[in-house]
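*Asks:* Attaching a single structure in structure tokens format; questions to follow.
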Amino acid sequence: MRHLLSTRDLSRDSAVELLDVAEDMADVQLREVKRLPTLRGKTVVNLFFEDSTRTRISFEAAAKRLSADVITFSAKGSSVSKGESLKDTAQTLAAIGADAVVIRHHASGAPQVLAQSGWIDAGIINAGDGTHEHPTQALLDAFTIRRRLHGAASRGRALDGVRVTIVGDVLHSRVARSNVWLLDTLGAEVSLVAPPTLLPVDTDGWPASVGYDLDDAVDAAPDAIMMLRIQQERMDGGFFPNSREYSRAWGLDPERFARLRPDTIVMHPGPMNRGLEISAAAADSMQSSVLEQVANGVSVRMAALYLLLSGERPSSSEREVA
Amino acid sequence: MARIVLTDADMQRALTRISHEILESNRGASDLLILGIPTRGTVLARRIAAIIQRIEPDAPAALAGSLDVTMYRDDLGRTRTRTPSPTDIPTSIDGRTVVLVDDVLFSGRTIRAAFDALSDLGRARAVRLAVLVDRGHRDFPIRADFVGKNLPSATSERINVHLREVDDDDFVSIEGGEA
């Protein structure tokens with residue numbers, strides 16, 4: 001794997017392989033010595049143009065547990081225009097000798113630009129770009145679902161026939177986009193439930209069904225229900241009257257939660273707005289996988305870093321020919 | 001143009017002898033742990049453990065396991081990406097005699113990686129090495145304690161180990177090399 005930019009271009013085999021490697025990484029987390037020497041001497045740069053706690057910490061933990069050197073670069077407050085600053089930053093990182101760059105950027109497509117620009121040779125991992133994609137989040141969600149369903153027998157399996165409902169702000173959600181593509185690739189059936197104002201104008205090309213009524217979706221007894229965060233920072237367009245109304249129509253309140261099947265997995269990418277899109281009763285229940293998702297995130301990111309940084313890498317001259 | 005060097009019966013006899021040798025040098029099966037290196041080492045470790053359990057009725061039930069060394073290799077940046085296999089250690093390795101099992105001993109780099117992997121899991125009392133075929137050409141001062149067959153070979157030759165559990169049949173063959 002050269003870069004991890006999107007779940008859309010992951011094949012089924014490479015997605016399952018990544019999840020299987022993540023299983024091995026998860027086993028390492030149970031040992032007394034949690035560190036592997038695999039990426040000794042490699043440098044991983046966390047390049048975060050946007051705030052993040054769990055993704056940044058998760059990548060940092062993943063890289064450190066593989067013995068890589070980690071440099072965290074927080075570009076907050078930079079006033080240089082976007083294109084220029086990205087180029088300058090990339091060339092700086094190349095000069096430092098970064099082997100992998102984990103980038104989060106407010107502009108959709110920034111990781112793609114970095115990967116194709118030729119400014120830097122490093123492997124690029126998209127850690128969330130604008131409203132486009134967040135592939136490692138989708139991979140850890142798929143990993144979490146697979147583990148809940150198959151436990152120790154997860155290796156080698158996809159998610160064929162598993163019914164996953166994604167609820168909430170699909171319009172702004174890179175998590176939803178990455179999940180739709182990945183879950184479909186793995187054979188799951190995805191349905192989206194959201195207020196019409198929080199759905200993209202055209203979802204015809206998406207391998208997912210679309211609905212507006214959470215009560216219907218709950219009564220359809222999905223295998224997993226994923227509540228998306230209402231992103232207060234992107235809520236300036238009057239997408240719904242107020243948070244109480246949103247919560248009443250599209251929140252997983254105690255009453256809806258009680259109607260779910262007792263083995264339906266309740267997921268949330270975090271950070272949660274308790275009482276808005278998800279109630280405490282649902283978030284703290286046995287069915288909730290919120291903390292598992294965080295723990296699994298480290299294993300999945302270790303797998304991604306391993307697959308990106310191991311194996312023969314073409315030198316820049318060879319790549320120009322290819 | 002592959003030449004068979006071990007038939008299924010030869011292999012069976014070699015594994016039985018290795019099992020006896022392990023028991024003899026360990027003076028029984030107590031505190032013994034047989035760890036195979038995936039993929040075929042794991043299969044061989046299971047077979048050796050089964051033979052030992054047949055010979056020594058009071059051998060521990062959790063005798064065989066699997067030790068993946070992929071993440072400890074020193075050539076990760078030099079070859080294609082390797083997919084790791086699961087590691088499965090049935091009991092703690094602390095204070096036990098660990099017998100590492102692999103199909104072919106060649107450069108010794110896999111075994112070197114296995115030492116690193118083992119030391120991250122605990123402190124074994126002793127580590128021994130059993131291999132089905134020793135073909136020479138070591139890069140490290142590593143030697144097997146139990147050998148199925150010594151097979152002097154040229155580096156250009158290929159050793160193929162087939163095992164029923166993986167390949168549907170049992171044999172070891174050698175092929176290639178200069179004509």
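Convention: chains lettered A, B, ... in structure tokens order; per-chain residue numbering from 1; ligands numbered from 1 as shown.
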Tell me, counting only C-alpha atoms, for each residue of chain A within 12 Å of chain B, which pair of atoms is nearest and how far apart they are in Å to one decimal, in rows ordered by chain and increasing number, as JSON lines.

*Replies:*
{"residue": "A:Met1", "atom": "CA", "partner": "B:Thr81", "partner_atom": "CA", "distance": 8.5}
{"residue": "A:Arg2", "atom": "CA", "partner": "B:Thr81", "partner_atom": "CA", "distance": 10.9}
{"residue": "A:Ser14", "atom": "CA", "partner": "B:Thr83", "partner_atom": "CA", "distance": 10.8}
{"residue": "A:Val16", "atom": "CA", "partner": "B:Thr83", "partner_atom": "CA", "distance": 11.5}
{"residue": "A:Glu17", "atom": "CA", "partner": "B:Thr83", "partner_atom": "CA", "distance": 7.7}
{"residue": "A:Leu18", "atom": "CA", "partner": "B:Thr83", "partner_atom": "CA", "distance": 9.0}
{"residue": "A:Leu19", "atom": "CA", "partner": "B:Thr83", "partner_atom": "CA", "distance": 11.2}
{"residue": "A:Asp20", "atom": "CA", "partner": "B:Pro84", "partner_atom": "CA", "distance": 8.6}
{"residue": "A:Val21", "atom": "CA", "partner": "B:Pro84", "partner_atom": "CA", "distance": 6.5}
{"residue": "A:Ala22", "atom": "CA", "partner": "B:Pro84", "partner_atom": "CA", "distance": 9.8}
{"residue": "A:Glu23", "atom": "CA", "partner": "B:Pro86", "partner_atom": "CA", "distance": 8.1}
{"residue": "A:Asp24", "atom": "CA", "partner": "B:Pro86", "partner_atom": "CA", "distance": 5.8}
{"residue": "A:Met25", "atom": "CA", "partner": "B:Pro86", "partner_atom": "CA", "distance": 9.4}
{"residue": "A:Ala26", "atom": "CA", "partner": "B:Pro86", "partner_atom": "CA", "distance": 10.4}
{"residue": "A:Asp27", "atom": "CA", "partner": "B:Thr87", "partner_atom": "CA", "distance": 8.0}
{"residue": "A:Val28", "atom": "CA", "partner": "B:Thr87", "partner_atom": "CA", "distance": 9.1}
{"residue": "A:Gln29", "atom": "CA", "partner": "B:Leu121", "partner_atom": "CA", "distance": 11.9}
{"residue": "A:Leu30", "atom": "CA", "partner": "B:Leu121", "partner_atom": "CA", "distance": 10.7}
{"residue": "A:Arg31", "atom": "CA", "partner": "B:Leu121", "partner_atom": "CA", "distance": 7.2}
{"residue": "A:Glu32", "atom": "CA", "partner": "B:Leu121", "partner_atom": "CA", "distance": 7.3}
{"residue": "A:Val33", "atom": "CA", "partner": "B:Asp120", "partner_atom": "CA", "distance": 5.8}
{"residue": "A:Lys34", "atom": "CA", "partner": "B:Asp120", "partner_atom": "CA", "distance": 8.4}
{"residue": "A:Arg35", "atom": "CA", "partner": "B:Asp120", "partner_atom": "CA", "distance": 8.4}
{"residue": "A:Leu36", "atom": "CA", "partner": "B:Met71", "partner_atom": "CA", "distance": 6.7}
{"residue": "A:Pro37", "atom": "CA", "partner": "B:Tyr72", "partner_atom": "CA", "distance": 6.1}
{"residue": "A:Thr38", "atom": "CA", "partner": "B:Met71", "partner_atom": "CA", "distance": 5.0}
{"residue": "A:Leu39", "atom": "CA", "partner": "B:Met71", "partner_atom": "CA", "distance": 8.6}
{"residue": "A:Arg40", "atom": "CA", "partner": "B:Asp74", "partner_atom": "CA", "distance": 10.0}
{"residue": "A:Gly41", "atom": "CA", "partner": "B:Gly77", "partner_atom": "CA", "distance": 11.1}
{"residue": "A:Lys42", "atom": "CA", "partner": "B:Gly77", "partner_atom": "CA", "distance": 10.4}
{"residue": "A:Arg65", "atom": "CA", "partner": "B:Met71", "partner_atom": "CA", "distance": 11.5}
{"residue": "A:Leu66", "atom": "CA", "partner": "B:Met71", "partner_atom": "CA", "distance": 8.7}
{"residue": "A:Ser67", "atom": "CA", "partner": "B:Met71", "partner_atom": "CA", "distance": 10.9}
{"residue": "A:Asp99", "atom": "CA", "partner": "B:Gly77", "partner_atom": "CA", "distance": 11.6}
{"residue": "A:Ala152", "atom": "CA", "partner": "B:Pro86", "partner_atom": "CA", "distance": 11.0}
{"residue": "A:Ala153", "atom": "CA", "partner": "B:Pro86", "partner_atom": "CA", "distance": 11.6}
{"residue": "A:Ser154", "atom": "CA", "partner": "B:Pro86", "partner_atom": "CA", "distance": 11.7}
{"residue": "A:Arg155", "atom": "CA", "partner": "B:Pro86", "partner_atom": "CA", "distance": 9.2}
{"residue": "A:Gly156", "atom": "CA", "partner": "B:Ser85", "partner_atom": "CA", "distance": 11.3}
{"residue": "A:Met302", "atom": "CA", "partner": "B:Met71", "partner_atom": "CA", "distance": 11.3}
{"residue": "A:Ala303", "atom": "CA", "partner": "B:Thr83", "partner_atom": "CA", "distance": 10.1}
{"residue": "A:Ala304", "atom": "CA", "partner": "B:Thr81", "partner_atom": "CA", "distance": 11.9}
{"residue": "A:Leu305", "atom": "CA", "partner": "B:Thr81", "partner_atom": "CA", "distance": 11.7}
{"residue": "A:Tyr306", "atom": "CA", "partner": "B:Thr81", "partner_atom": "CA", "distance": 8.7}
{"residue": "A:Leu307", "atom": "CA", "partner": "B:Thr81", "partner_atom": "CA", "distance": 6.7}
{"residue": "A:Leu308", "atom": "CA", "partner": "B:Thr81", "partner_atom": "CA", "distance": 8.7}
{"residue": "A:Leu309", "atom": "CA", "partner": "B:Gly77", "partner_atom": "CA", "distance": 7.6}
{"residue": "A:Ser310", "atom": "CA", "partner": "B:Gly77", "partner_atom": "CA", "distance": 5.2}
{"residue": "A:Gly311", "atom": "CA", "partner": "B:Thr81", "partner_atom": "CA", "distance": 4.0}
{"residue": "A:Glu312", "atom": "CA", "partner": "B:Arg78", "partner_atom": "CA", "distance": 5.1}
{"residue": "A:Arg313", "atom": "CA", "partner": "B:Gly77", "partner_atom": "CA", "distance": 7.4}
{"residue": "A:Pro314", "atom": "CA", "partner": "B:Arg78", "partner_atom": "CA", "distance": 10.6}

*Asks:* So that I can see what lies close to Met1 (chain B), please list as a VMD selection string the residues with an atom at most 9 Å from it, counting only C-alpha atoms and leaving out residues fewer than 6 positions away in the same chain.

*Replies:* chain B and resid 174 to 176

*Asks:* With all heavy atoms retained, export the selected residues as an mmCIF file, in the first residue's frame.

*Replies:*
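Just written: again29.cif:
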data_model
loop_
_atom_site.group_PDB
_atom_site.id
_atom_site.type_symbol
_atom_site.label_atom_id
_atom_site.label_comp_id
_atom_site.auth_asym_id
_atom_site.auth_seq_id
_atom_site.Cartn_x
_atom_site.Cartn_y
_atom_site.Cartn_z
ATOM 1 N N ILE B 174 13.768 -30.756 -3.724
ATOM 2 C CA ILE B 174 14.773 -29.734 -4.047
ATOM 3 C C ILE B 174 14.745 -29.526 -5.561
ATOM 4 O O ILE B 174 14.566 -30.478 -6.315
ATOM 5 C CB ILE B 174 16.155 -30.184 -3.532
ATOM 6 C CG1 ILE B 174 17.196 -29.079 -3.756
ATOM 7 C CG2 ILE B 174 16.618 -31.475 -4.166
ATOM 8 C CD1 ILE B 174 18.481 -29.317 -2.960
ATOM 9 N N GLU B 175 14.859 -28.305 -5.971
ATOM 10 C CA GLU B 175 14.830 -28.052 -7.420
ATOM 11 C C GLU B 175 15.697 -26.852 -7.775
ATOM 12 O O GLU B 175 16.132 -26.100 -6.911
ATOM 13 C CB GLU B 175 13.404 -27.818 -7.908
ATOM 14 C CG GLU B 175 12.776 -26.555 -7.394
ATOM 15 C CD GLU B 175 11.368 -26.357 -7.969
ATOM 16 O OE1 GLU B 175 11.211 -26.515 -9.177
ATOM 17 O OE2 GLU B 175 10.450 -26.064 -7.191
ATOM 18 N N GLY B 176 15.932 -26.710 -9.064
ATOM 19 C CA GLY B 176 16.664 -25.548 -9.566
ATOM 20 C C GLY B 176 18.169 -25.761 -9.469
ATOM 21 O O GLY B 176 18.648 -26.879 -9.429
#

*Asks:* Tell me which of B:Pro60, B:Gly41, B:Gly148, B:Pro141 sits closest to Met11 (chain B), counting only C-alpha atoms.

*Replies:* B:Gly148

*Asks:* Work out how far CA of Ile166 (chain A) is from CA of Ala188 (chain A), in Å to one decimal.

*Replies:*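 Computing the Euclidean distance for CA of Ala188 (chain A) and CA of Ile166 (chain A) yields 12.2 Å.
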
*Asks:* As a PyMOL selection string, please: every residue in region 68-175 of chain B that a backbone DSSP assignment puts in alpha helix (DSSP H).

*Replies:* chain B and resi 109-121+164-167

*Asks:* CA of Asp51 (chain A) to CA of Ser74 (chain A): how many Å, to one decimal?

*Replies:* 8.5 Å
